[in-house]
file data-v1.cif (mmCIF, C-alpha atoms and all ligand atoms)
data_structure
loop_
_atom_site.label_atom_id
_atom_site.label_comp_id
_atom_site.auth_asym_id
_atom_site.auth_seq_id
_atom_site.Cartn_x
_atom_site.Cartn_y
_atom_site.Cartn_z
CA MET A 236 136.11 141.12 38.48
CA THR A 237 133.93 139.24 36.03
CA GLY A 238 130.30 138.29 35.40
CA LEU A 239 127.73 139.25 37.99
CA ALA A 240 130.25 140.92 40.33
CA ALA A 241 131.28 143.32 37.56
CA ARG A 242 127.68 144.04 36.57
CA LEU A 243 126.71 144.68 40.21
CA ALA A 244 129.70 147.01 40.66
CA ALA A 245 128.68 148.93 37.52
CA ARG A 246 125.08 149.16 38.78
CA ILE A 247 126.25 150.44 42.18
CA ALA A 248 128.58 152.99 40.55
CA ARG A 249 125.65 154.23 38.47
CA ASP A 250 122.72 154.05 40.94
CA GLY A 251 124.30 153.87 44.39
CA PRO A 252 124.52 151.07 47.00
CA ILE A 253 121.85 148.35 46.99
CA SER A 254 119.99 146.63 49.83
CA ILE A 255 120.98 143.13 50.97
CA ALA A 256 117.61 142.00 49.56
CA ASP A 257 118.44 143.34 46.09
CA TYR A 258 121.88 141.74 46.33
CA MET A 259 120.38 138.34 47.28
CA GLN A 260 117.81 138.58 44.50
CA ALA A 261 120.55 139.22 41.93
CA CYS A 262 122.89 136.53 43.30
CA LEU A 263 120.18 133.85 43.30
CA HIS A 264 117.95 134.80 40.36
CA ASP A 265 119.82 137.01 37.87
CA PRO A 266 118.73 135.41 34.57
CA ASP A 267 122.31 135.09 33.24
CA ASP A 268 124.44 134.54 36.32
CA GLY A 269 122.15 133.91 39.33
CA TYR A 270 122.93 130.80 41.37
CA TYR A 271 119.55 129.10 40.89
CA ALA A 272 118.80 130.63 37.49
CA ALA A 273 122.08 129.62 35.87
CA HIS A 274 124.11 126.98 37.71
CA PRO A 275 122.62 125.45 40.86
CA ARG A 276 124.82 122.66 42.27
CA LEU A 277 122.92 120.63 44.84
CA GLY A 278 124.14 117.35 46.32
CA ALA A 279 127.33 115.77 47.66
CA ASP A 280 129.39 116.75 44.60
CA GLY A 281 127.91 120.28 44.55
CA ASP A 282 127.75 123.14 47.04
CA PHE A 283 125.47 121.80 49.79
CA ILE A 284 123.22 118.92 50.68
CA THR A 285 119.72 119.06 52.11
CA ALA A 286 117.72 116.65 54.28
CA PRO A 287 116.41 114.57 51.33
CA HIS A 288 120.04 113.92 50.34
CA VAL A 289 120.87 112.81 53.88
CA SER A 290 118.28 110.03 53.86
CA GLN A 291 115.28 108.72 51.93
CA MET A 292 113.47 108.62 55.29
CA PHE A 293 112.95 112.38 55.18
CA GLY A 294 110.83 112.43 52.01
CA GLU A 295 109.12 109.16 52.93
CA LEU A 296 107.90 110.55 56.26
CA LEU A 297 106.66 113.72 54.54
CA GLY A 298 104.76 111.49 52.08
CA LEU A 299 103.03 109.73 54.94
CA TRP A 300 102.40 113.11 56.57
CA ALA A 301 100.72 114.38 53.39
CA ALA A 302 98.57 111.25 53.08
CA ASP A 303 97.55 111.63 56.72
CA VAL A 304 96.55 115.27 56.15
CA TRP A 305 94.47 114.13 53.16
CA ALA A 306 92.74 111.52 55.35
CA GLY A 307 92.06 114.24 57.93
CA LEU A 308 90.45 116.38 55.23
CA GLY A 309 87.97 113.54 54.61
CA ARG A 310 89.84 112.00 51.62
CA PRO A 311 88.72 114.56 49.02
CA ALA A 312 88.57 113.08 45.49
CA ARG A 313 90.77 115.90 44.21
CA LEU A 314 93.57 117.89 45.82
CA ARG A 315 96.66 119.82 44.74
CA LEU A 316 99.85 118.35 46.19
CA VAL A 317 102.34 121.17 45.79
CA GLU A 318 106.07 121.13 46.47
CA MET A 319 107.71 124.55 46.39
CA GLY A 320 111.44 124.71 45.64
CA PRO A 321 111.77 120.98 44.82
CA GLY A 322 115.53 121.11 44.12
CA ASP A 323 116.69 118.00 42.29
CA GLY A 324 113.38 116.14 42.83
CA THR A 325 114.72 113.74 45.48
CA LEU A 326 112.17 114.74 48.12
CA MET A 327 109.20 114.29 45.78
CA ALA A 328 110.52 110.93 44.53
CA ASP A 329 110.75 109.59 48.10
CA LEU A 330 107.44 111.20 49.07
CA ARG A 331 105.57 109.64 46.13
CA ARG A 332 107.04 106.20 46.77
CA ALA A 333 105.98 106.22 50.44
CA ALA A 334 102.57 107.76 49.73
CA ARG A 335 101.63 104.70 47.64
CA ALA A 336 100.95 103.06 51.00
CA ALA A 337 97.81 105.22 51.35
CA PRO A 338 95.21 103.80 48.95
CA GLY A 339 93.56 106.52 46.84
CA PHE A 340 95.89 109.36 47.88
CA LEU A 341 98.07 109.60 44.78
CA GLU A 342 95.05 109.03 42.53
CA ALA A 343 93.41 112.10 44.13
CA ALA A 344 96.59 114.20 44.12
CA GLU A 345 97.39 116.50 41.23
CA ILE A 346 101.12 117.13 41.73
CA TRP A 347 102.48 120.64 41.14
CA LEU A 348 106.12 121.63 41.44
CA VAL A 349 106.71 125.35 41.94
CA GLU A 350 110.19 126.12 40.67
CA THR A 351 111.86 129.29 39.42
CA SER A 352 115.07 127.59 38.25
CA ALA A 353 115.05 126.25 34.68
CA PRO A 354 118.07 123.95 35.24
CA LEU A 355 116.47 122.44 38.36
CA ALA A 356 113.07 122.05 36.64
CA ALA A 357 114.89 120.09 33.90
CA ARG A 358 116.54 117.92 36.55
CA GLN A 359 113.15 117.32 38.23
CA ARG A 360 111.74 116.14 34.88
CA GLN A 361 114.63 113.64 34.57
CA VAL A 362 114.19 112.29 38.10
CA LEU A 363 110.39 112.23 38.30
CA GLY A 364 109.24 111.99 34.69
CA GLU A 365 106.47 114.26 33.49
CA SER A 366 103.46 112.00 33.88
CA GLY A 367 100.96 113.39 36.38
CA ILE A 368 103.15 116.39 37.28
CA SER A 369 102.74 120.06 36.36
CA TRP A 370 105.24 122.86 36.85
CA ALA A 371 104.57 126.49 37.81
CA ALA A 372 106.84 129.46 38.49
CA SER A 373 104.81 130.67 41.50
CA LEU A 374 102.09 129.52 43.87
CA GLU A 375 99.71 132.01 42.25
CA ALA A 376 100.11 130.10 38.97
CA VAL A 377 98.85 126.86 40.59
CA PRO A 378 95.09 126.72 39.96
CA GLY A 379 92.75 127.01 42.96
CA GLY A 380 89.40 125.36 43.53
CA ALA A 381 90.67 122.23 45.35
CA PRO A 382 92.30 121.67 48.76
CA LEU A 383 96.02 122.21 48.89
CA ILE A 384 98.72 120.18 50.59
CA LEU A 385 101.95 122.14 50.26
CA ILE A 386 105.44 121.12 51.32
CA ALA A 387 108.56 123.25 51.15
CA ASN A 388 111.98 122.25 52.49
CA GLU A 389 114.71 124.91 52.46
CA LEU A 390 112.70 127.36 50.38
CA LEU A 391 112.12 130.14 52.91
CA ASP A 392 115.85 130.60 53.57
CA CYS A 393 116.27 131.74 49.93
CA LEU A 394 113.84 134.65 50.34
CA PRO A 395 115.66 137.99 50.37
CA ILE A 396 116.27 139.69 53.73
CA ARG A 397 117.28 143.19 54.66
CA GLN A 398 119.64 144.05 57.50
CA ALA A 399 120.35 147.02 59.74
CA VAL A 400 123.24 147.71 62.13
CA ALA A 401 122.76 149.54 65.43
CA GLY A 402 124.93 152.59 66.11
CA LEU A 403 125.00 155.21 68.85
CA GLU A 404 122.44 157.22 66.90
CA GLY A 405 120.12 154.35 66.05
CA TRP A 406 119.79 151.85 63.21
CA ARG A 407 121.39 152.20 59.78
CA GLU A 408 120.51 149.86 56.94
CA ARG A 409 123.35 147.56 55.84
CA LEU A 410 123.91 147.92 52.11
CA VAL A 411 126.20 146.52 49.45
CA GLY A 412 128.37 149.21 47.88
CA CYS A 413 131.85 149.45 46.36
CA ASP A 414 135.15 150.33 48.07
CA PRO A 415 137.59 152.87 46.54
CA GLU A 416 139.10 150.05 44.42
CA GLY A 417 135.65 149.23 43.03
CA ARG A 418 135.29 145.93 44.95
CA LEU A 419 131.95 144.99 46.53
CA CYS A 420 131.79 145.84 50.24
CA PHE A 421 129.24 146.24 53.03
CA MET A 422 128.43 149.79 54.08
CA HIS A 423 125.85 151.69 56.12
CA GLY A 424 122.97 153.59 54.54
CA ALA A 425 120.05 155.62 55.91
CA ALA A 426 117.81 154.73 58.86
CA PRO A 427 115.39 151.97 57.80
CA GLU A 428 111.75 152.98 57.38
CA ARG A 429 110.56 150.19 59.72
CA VAL A 430 110.38 150.67 63.50
CA LEU A 431 113.08 148.49 65.09
CA PRO A 432 113.76 147.63 68.75
CA VAL A 433 116.48 149.36 70.73
CA ALA A 434 119.71 147.31 70.73
CA PRO A 435 123.36 147.77 71.75
CA PRO A 436 125.68 149.36 69.17
CA GLY A 437 127.05 146.81 66.72
CA SER A 438 123.91 144.63 66.83
CA VAL A 439 122.56 143.42 63.50
CA ILE A 440 118.85 142.92 62.88
CA GLU A 441 117.20 141.21 59.90
CA TRP A 442 113.73 141.29 58.39
CA SER A 443 112.18 140.05 55.18
CA THR A 444 109.20 141.65 53.53
CA ALA A 445 109.30 138.82 50.96
CA LEU A 446 108.95 136.22 53.74
CA GLU A 447 106.09 138.11 55.36
CA ALA A 448 104.28 138.60 52.03
CA PHE A 449 104.69 134.90 51.24
CA GLY A 450 103.34 133.86 54.67
CA GLY A 451 100.30 136.06 54.05
CA ALA A 452 99.80 134.66 50.55
CA VAL A 453 99.94 131.01 51.69
CA GLY A 454 97.62 131.77 54.61
CA ALA A 455 95.11 133.46 52.31
CA ARG A 456 95.31 130.61 49.80
CA LEU A 457 94.61 128.03 52.51
CA CYS A 458 91.65 130.06 53.77
CA ARG A 459 90.25 130.05 50.23
CA ASP A 460 90.87 126.45 49.18
CA GLY A 461 91.41 124.55 52.46
CA GLY A 462 94.25 122.16 53.24
CA ALA A 463 97.60 122.52 54.96
CA ALA A 464 101.14 123.70 54.26
CA LEU A 465 104.37 122.48 55.86
CA PHE A 466 107.64 124.43 55.95
CA LEU A 467 110.97 123.04 57.11
CA ASP A 468 114.02 125.26 57.23
CA TYR A 469 116.87 126.42 59.36
CA GLY A 470 115.89 129.42 61.36
CA ARG A 471 114.82 130.91 64.65
CA ASP A 472 111.77 130.27 66.82
CA THR A 473 111.96 133.58 68.72
CA ALA A 474 112.95 137.11 67.71
CA GLU A 475 116.74 137.31 67.74
CA LEU A 476 119.45 139.75 66.74
CA GLY A 477 122.38 138.63 64.59
CA ASP A 478 123.83 138.49 61.10
CA THR A 479 122.82 135.17 59.52
CA LEU A 480 123.49 135.96 55.86
CA GLN A 481 125.53 133.01 54.63
CA ALA A 482 127.18 131.91 51.40
CA LEU A 483 128.01 128.26 50.76
CA ARG A 484 130.23 127.04 47.95
CA ALA A 485 131.61 123.53 47.69
CA HIS A 486 130.30 122.82 51.23
CA ARG A 487 132.31 125.70 52.72
CA LYS A 488 131.09 128.98 54.16
CA GLU A 489 132.56 132.06 52.53
CA SER A 490 131.92 135.80 52.53
CA PRO A 491 128.54 136.53 50.89
CA LEU A 492 130.41 139.05 48.71
CA ALA A 493 133.16 136.67 47.56
CA HIS A 494 131.54 134.99 44.54
CA PRO A 495 128.16 136.57 43.69
CA GLY A 496 126.05 134.09 41.74
CA ALA A 497 128.50 131.20 42.22
CA ALA A 498 127.54 130.43 45.84
CA ASP A 499 124.20 129.65 47.49
CA LEU A 500 123.11 132.62 49.58
CA THR A 501 120.69 132.14 52.47
CA ALA A 502 119.60 133.59 55.80
CA HIS A 503 118.03 132.02 58.88
CA VAL A 504 114.25 132.07 58.59
CA ASP A 505 112.35 134.37 60.93
CA PHE A 506 109.62 131.84 61.69
CA PRO A 507 107.73 134.08 64.16
CA ALA A 508 107.35 136.75 61.43
CA PHE A 509 106.31 134.13 58.87
CA THR A 510 103.63 132.54 61.07
CA ALA A 511 102.37 135.95 62.24
CA ALA A 512 101.76 136.94 58.60
CA ALA A 513 99.96 133.66 57.86
CA ARG A 514 97.83 134.06 60.96
CA ALA A 515 96.96 137.63 60.07
CA ALA A 516 95.69 136.28 56.73
CA GLY A 517 93.34 133.92 58.61
CA ALA A 518 95.28 130.62 58.73
CA ARG A 519 95.77 128.51 61.85
CA VAL A 520 99.43 128.05 62.68
CA SER A 521 101.39 125.43 64.58
CA GLU A 522 104.00 125.98 67.20
CA ILE A 523 107.48 126.37 65.75
CA THR A 524 108.85 122.89 66.34
CA ARG A 525 112.35 121.46 66.07
CA GLN A 526 112.82 119.20 63.06
CA GLY A 527 114.13 116.44 65.34
CA ASP A 528 110.96 116.43 67.45
CA PHE A 529 108.75 116.55 64.34
CA LEU A 530 110.47 113.64 62.56
CA TRP A 531 110.57 111.63 65.76
CA SER A 532 106.83 112.02 66.26
CA LEU A 533 106.28 110.94 62.64
CA GLY A 534 108.14 107.70 63.46
CA ILE A 535 111.66 108.14 62.08
CA GLY A 536 113.01 105.85 64.82
CA LEU A 537 110.76 103.01 63.72
CA ARG A 538 111.43 103.62 60.03
CA ALA A 539 115.20 103.48 60.66
CA GLN A 540 114.77 100.15 62.48
CA VAL A 541 112.74 98.67 59.61
CA LEU A 542 115.33 99.77 57.04
CA ALA A 543 118.20 98.47 59.19
CA ALA A 544 116.48 95.10 59.59
CA ALA A 545 116.14 94.85 55.80
CA ARG A 546 119.79 95.86 55.23
CA PRO A 547 121.88 94.99 58.32
CA GLU A 548 125.08 95.97 56.48
CA ALA A 549 123.72 99.56 56.26
CA ALA A 550 122.67 99.81 59.93
CA GLU A 551 125.58 102.06 60.93
CA THR A 552 125.00 104.42 58.01
CA LEU A 553 121.28 104.58 58.79
CA SER A 554 122.02 105.41 62.40
CA ALA A 555 124.36 108.25 61.36
CA GLN A 556 121.78 109.58 58.89
CA THR A 557 119.06 109.51 61.54
CA GLU A 558 121.31 111.32 63.99
CA ARG A 559 122.06 113.99 61.39
CA LEU A 560 118.35 114.57 60.70
CA ILE A 561 117.14 114.61 64.32
CA GLY A 562 120.15 115.26 66.56
CA PRO A 563 119.70 118.45 68.62
CA ARG A 564 123.18 119.70 67.64
CA ALA A 565 122.65 118.71 63.99
CA MET A 566 119.74 119.47 61.66
CA GLY A 567 117.27 118.26 64.30
CA GLY A 568 117.84 121.35 66.43
CA LEU A 569 118.90 123.93 63.88
CA PHE A 570 115.99 123.26 61.54
CA LYS A 571 112.44 124.20 62.52
CA VAL A 572 109.07 123.08 61.20
CA VAL A 573 105.76 124.91 61.02
CA ALA A 574 102.41 124.04 59.52
CA LEU A 575 99.63 126.37 58.40
CA TRP A 576 96.12 125.10 57.83
CA ARG A 577 92.49 126.16 57.68
CA ASP A 578 90.20 123.85 59.63
CA GLY A 579 90.29 121.36 62.44
CA PRO A 580 93.16 120.11 64.57
CA ALA A 581 96.84 120.62 63.84
CA PRO A 582 98.38 118.31 61.21
CA PRO A 583 100.32 115.22 62.40
CA GLY A 584 103.46 115.83 64.42
CA LEU A 585 102.60 119.42 65.38
CA ILE A 586 100.44 121.28 67.88
CA GLU A 587 98.51 124.47 67.34
CA ALA A 588 100.17 127.64 68.61
CA VAL A 589 98.23 129.43 71.33
CA LEU A 590 97.87 133.14 70.76
CA HIS A 591 98.90 135.05 73.91
CA GLY A 592 97.71 138.56 74.71
C1 LIG B 1 118.00 124.93 48.88
S1 LIG B 1 117.10 124.36 47.50
C2 LIG B 1 116.05 123.17 48.32
C3 LIG B 1 115.70 122.02 47.42
C4 LIG B 1 114.80 120.94 47.99
N1 LIG B 1 113.62 121.44 48.60
C5 LIG B 1 115.54 120.04 48.94
O1 LIG B 1 115.13 119.94 50.09
O2 LIG B 1 116.53 119.41 48.51
C6 LIG B 1 115.99 125.72 47.17
C7 LIG B 1 114.97 125.45 46.10
O3 LIG B 1 114.05 126.54 46.05
C8 LIG B 1 113.99 127.04 44.71
N2 LIG B 1 113.64 128.46 44.82
C9 LIG B 1 114.41 129.49 45.23
N3 LIG B 1 113.68 130.63 45.26
C10 LIG B 1 112.44 130.29 44.87
C11 LIG B 1 111.21 131.01 44.71
N4 LIG B 1 111.16 132.33 44.96
N5 LIG B 1 110.10 130.34 44.30
C12 LIG B 1 110.16 128.99 44.06
N6 LIG B 1 111.29 128.26 44.19
C13 LIG B 1 112.40 128.91 44.59
C14 LIG B 1 115.33 126.72 44.14
O4 LIG B 1 115.39 126.79 42.76
C15 LIG B 1 115.52 125.31 44.71
O5 LIG B 1 114.76 124.37 44.00
#
call {"tool": "encode", "arguments": {"input": "data-v1.cif", "output": "C-alpha cells", "more": "lines below"}}
Ligand SMILES: C[S@@+](CC[C@H](N)C(=O)[O-])C[C@H]1O[C@@H](n2cnc3c(N)ncnc32)[C@H](O)[C@@H]1O
result
Amino acid sequence: MTGLAARLAARIARDGPISIADYMQACLHDPDDGYYAAHPRLGADGDFITAPHVSQMFGELLGLWAADVWAGLGRPARLRLVEMGPGDGTLMADLRRAARAAPGFLEAAEIWLVETSAPLAARQRQVLGESGISWAASLEAVPGGAPLILIANELLDCLPIRQAVAGLEGWRERLVGCDPEGRLCFMHGAAPERVLPVAPPGSVIEWSTALEAFGGAVGARLCRDGGAALFLDYGRDTAELGDTLQALRAHRKESPLAHPGAADLTAHVDFPAFTAAARAAGARVSEITRQGDFLWSLGIGLRAQVLAAARPEAAETLSAQTERLIGPRAMGGLFKVVALWRDGPAPPGLIEAVLHG
C-alpha cells in the first residue's frame, strides 16, 4: 500500500474507522494525493467525460439560458456570472461563445470561477485566458452586492455523503476501517445520530450534510443578492434507498476503496434534500426535471439541426451526441436539473415546484 491508502490506514489504526464523508473528502481533496487536488484527469483520455465534453451544444444552451435569466432580471448593468466546479473550462468556453448572441450580457457579466483544484484552475486559465475572469475557492469568496447567475454541472455529486446500513436492530453507520491485514474495508459503526426511516435489513441509506449546507448557503445568497442558480447532476428526484457511492478510473467503475485518490469518487445527488434546504433558506425552487426534458425545452433539437445543416458530414455524430445528452436511458434520464431563484417566474426550461402539505 502506498500514498493516500497507506496514510489513511495509518490514520484509521491510530484514530479508528472514519465516515464515508471523511473518506471522500480525503480521496478528492487531500492536498498531496487527493483526486482533484493533485491529479484530476477529465476528458476522453482521462477517467470520465461530462456533458460539455459530449457536445458543445450543452454549454451553448446554458449560455443562452443565462442570458435569458439576465433579460428576465431586467438586464441589470452588473451581475456576477459564477460557474462552480468548472472542470477543464469547456463549459464556460461554449457558454461565453453562445452568450455573445445576447447584446450587453457579457459586458454586464463579471465572470467568477469557483474552483478548489489548483491543476484544474491552471487548465481553465489556459482554455479561457484570464481577461475578465476571476477565480475563488468558495462561493463565500465571490463578492456580493450584485445579482448572481450561477451554473454548476457535476459539482454536487462530489460533495461528501454518509451512509448507514439497516440491520435487525436498526441502522448502523457504514464506515471505512482496516481488515486484519491492514487493508481498507467497509465496516459498521454506531447508530447514526440522525433519525432515519424504517427499512428492511441490508438496505443502505445516504445523506449529505455538506449538500444540505450548500443548498442553504446558495438559497440565502440568492435571497440577499437576487438572481438564479442552476444545478445539473446525476441523482434522484425522490427519496430512495441504495448505495450509490461510485469510483471511476479510466472510464471504468471500480471499488471506491481500490485506489483512494487515483479515482473520481461520487454519489448520486439527493435533489429533494438539496432543494428543501434552499427553500428553507428562502429561495424559490423548481421541480426536479430530467436533463433531457430541460435541454429539449431550451431547443437542443433545433440547435442540432442548425449544426448538422452547417456540417452535413457530422450529422450522424451530432445525432449520437444529442441522444447521449437527452436520451431517457442515457444522461437525459439519469441526470436531473434544478434551479433556485429569488423573484418572479421560474427560469427558462423549468417550472416552479408546488409545496404540498
Ligand atoms: C466532475 S468535475 C465537473 C467539471 C465541469 N463542471 C464539467 O461539467 O465538465 C467536478 C468539478 O468540481 C470541482 N470541485 C469539487 N469539489 C468542489 C468544491 N467543494 N468546491 C468547488 N469546486 C469543487 C472539481 O475540481 C471539478 O472542477
call {"tool": "residues_near_ligand", "arguments": {"input": "data-v1.cif", "ligand": "ligand LIG 1 (chain B)", "cutoff": "8 Å", "atoms": "only C-alpha atoms and all ligand atoms", "output": "ChimeraX atom specification"}}
result
/A:263-264,271-272,275,277,284-288,318-326,349-352,355-356,372-373,387-394,499
call {"tool": "closest_residue", "arguments": {"input": "data-v1.cif", "among": "A:Leu537, A:Gly470, A:Pro547, A:Leu465", "to": "A:Met292", "atoms": "only C-alpha atoms"}}
result
A:Leu537
call {"tool": "closest_atom_pairs", "arguments": {"input": "data-v1.cif", "of": "stretch 385-440 of chain A", "to": "stretch 479-498 of chain A", "cutoff": "10 Å", "atoms": "only C-alpha atoms", "output": "Markdown table"}}
result
| residue | atom | partner | partner_atom | distance |
| --- | --- | --- | --- | --- |
| A:Asp392 | CA | A:Leu480 | CA | 9.6 |
| A:Pro395 | CA | A:Leu480 | CA | 9.8 |
| A:Ile396 | CA | A:Leu480 | CA | 8.4 |
| A:Arg397 | CA | A:Leu480 | CA | 9.6 |
| A:Gln398 | CA | A:Leu480 | CA | 9.1 |
| A:Val411 | CA | A:Leu492 | CA | 8.6 |
| A:Arg418 | CA | A:Leu492 | CA | 9.2 |
| A:Leu419 | CA | A:Leu492 | CA | 6.5 |
| A:Cys420 | CA | A:Leu492 | CA | 7.1 |
| A:Phe421 | CA | A:Leu492 | CA | 8.5 |
| A:Val439 | CA | A:Thr479 | CA | 9.2 |
| A:Ile440 | CA | A:Thr479 | CA | 9.3 |
call {"tool": "atom_distance", "arguments": {"input": "data-v1.cif", "atom1": "atom CA of A:Ala376", "atom2": "atom CA of A:Ala455"}}
result
14.6 Å
call {"tool": "residues_around", "arguments": {"input": "data-v1.cif", "residues": "A:Arg538", "least_positions_apart": "4", "cutoff": "10 Å", "atoms": "only C-alpha atoms", "output": "list in words"}}
result
Met292, Glu295, Leu296, Trp531, Leu533, Gly534, Leu542, Ala543, Ala544, Leu553 and Thr557 of chain A
call {"tool": "residues_around", "arguments": {"input": "data-v1.cif", "residues": "A:Phe570", "least_positions_apart": "4", "cutoff": "8 Å", "atoms": "only C-alpha atoms", "output": "list in words"}}
result
Leu467, Asp468, Tyr469, Gly470, Arg525, Gln526 and Met566 of chain A
call {"tool": "atom_distance", "arguments": {"input": "data-v1.cif", "atom1": "atom CA of A:Gly417", "atom2": "atom CA of A:Ser443"}}
result
28.0 Å
call {"tool": "residues_around", "arguments": {"input": "data-v1.cif", "residues": "A:Arg409", "least_positions_apart": "5", "cutoff": "6 Å", "atoms": "all atoms listed in the file", "output": "PyMOL selection string"}}
result
chain A and resi 398-399+422-423
call {"tool": "atom_distance", "arguments": {"input": "data-v1.cif", "atom1": "atom CA of A:Ala328", "atom2": "atom CA of A:Val289"}}
result
14.1 Å
call {"tool": "residues_around", "arguments": {"input": "data-v1.cif", "residues": "A:Leu299", "least_positions_apart": "4", "cutoff": "8 Å", "atoms": "only C-alpha atoms", "output": "mmCIF file with C-alpha atoms, in the coordinates of the input"}}
result
data_model
loop_
_atom_site.group_PDB
_atom_site.id
_atom_site.type_symbol
_atom_site.label_atom_id
_atom_site.label_comp_id
_atom_site.auth_asym_id
_atom_site.auth_seq_id
_atom_site.Cartn_x
_atom_site.Cartn_y
_atom_site.Cartn_z
ATOM 1 C CA GLU A 295 109.120 109.160 52.930
ATOM 2 C CA ASP A 303 97.550 111.630 56.720
ATOM 3 C CA LEU A 330 107.440 111.200 49.070
ATOM 4 C CA ALA A 333 105.980 106.220 50.440
ATOM 5 C CA ALA A 334 102.570 107.760 49.730
ATOM 6 C CA ALA A 337 97.810 105.220 51.350
#
call {"tool": "closest_residue", "arguments": {"input": "data-v1.cif", "among": "A:Ile386, A:Leu500, A:Cys413, A:Ala565", "to": "A:Ala240", "atoms": "all atoms listed in the file"}}
result
A:Cys413
call {"tool": "decode", "arguments": {"input": "data-v1.cif", "residues": "stretch 340-359 of chain A", "atoms": "N, CA and C atoms", "output": "compact mmCIF listing (two decimals), in the first residue's frame"}}
result
# COMPACT_ATOMS: atom_id res chain seq x y z
N PHE A 340 -25.04 41.33 -22.58
CA PHE A 340 -24.98 40.38 -21.46
C PHE A 340 -23.54 40.20 -20.95
N LEU A 341 -22.63 39.89 -21.86
CA LEU A 341 -21.25 39.63 -21.40
C LEU A 341 -20.58 40.90 -20.89
N GLU A 342 -21.00 42.05 -21.40
CA GLU A 342 -20.45 43.32 -20.90
C GLU A 342 -20.88 43.53 -19.44
N ALA A 343 -22.10 43.08 -19.11
CA ALA A 343 -22.61 43.26 -17.74
C ALA A 343 -22.05 42.19 -16.79
N ALA A 344 -21.64 41.06 -17.36
CA ALA A 344 -21.30 39.89 -16.53
C ALA A 344 -19.85 39.93 -16.05
N GLU A 345 -19.70 39.89 -14.76
CA GLU A 345 -18.35 39.68 -14.17
C GLU A 345 -18.25 38.18 -13.95
N ILE A 346 -17.33 37.52 -14.64
CA ILE A 346 -17.27 36.05 -14.57
C ILE A 346 -16.39 35.61 -13.40
N TRP A 347 -16.94 34.71 -12.59
CA TRP A 347 -16.19 34.11 -11.47
C TRP A 347 -16.22 32.59 -11.62
N LEU A 348 -15.06 31.99 -11.48
CA LEU A 348 -14.97 30.53 -11.47
C LEU A 348 -14.62 30.10 -10.05
N VAL A 349 -15.47 29.27 -9.47
CA VAL A 349 -15.21 28.77 -8.12
C VAL A 349 -14.60 27.38 -8.26
N GLU A 350 -13.36 27.25 -7.88
CA GLU A 350 -12.62 26.02 -8.11
C GLU A 350 -11.68 25.75 -6.94
N THR A 351 -11.70 24.51 -6.43
CA THR A 351 -10.81 24.16 -5.33
C THR A 351 -9.53 23.49 -5.84
N SER A 352 -9.53 23.07 -7.10
CA SER A 352 -8.40 22.29 -7.63
C SER A 352 -7.40 23.21 -8.33
N ALA A 353 -6.17 23.25 -7.83
CA ALA A 353 -5.15 24.10 -8.47
C ALA A 353 -4.83 23.62 -9.90
N PRO A 354 -4.67 22.30 -10.15
CA PRO A 354 -4.39 21.88 -11.52
C PRO A 354 -5.52 22.24 -12.48
N LEU A 355 -6.78 22.13 -12.03
CA LEU A 355 -7.88 22.47 -12.94
C LEU A 355 -7.98 23.99 -13.13
N ALA A 356 -7.71 24.76 -12.08
CA ALA A 356 -7.73 26.23 -12.25
C ALA A 356 -6.67 26.64 -13.28
N ALA A 357 -5.51 25.97 -13.26
CA ALA A 357 -4.46 26.28 -14.25
C ALA A 357 -4.96 25.93 -15.66
N ARG A 358 -5.64 24.80 -15.78
CA ARG A 358 -6.18 24.40 -17.08
C ARG A 358 -7.22 25.42 -17.57
N GLN A 359 -8.07 25.87 -16.63
CA GLN A 359 -9.10 26.86 -17.00
C GLN A 359 -8.44 28.14 -17.52
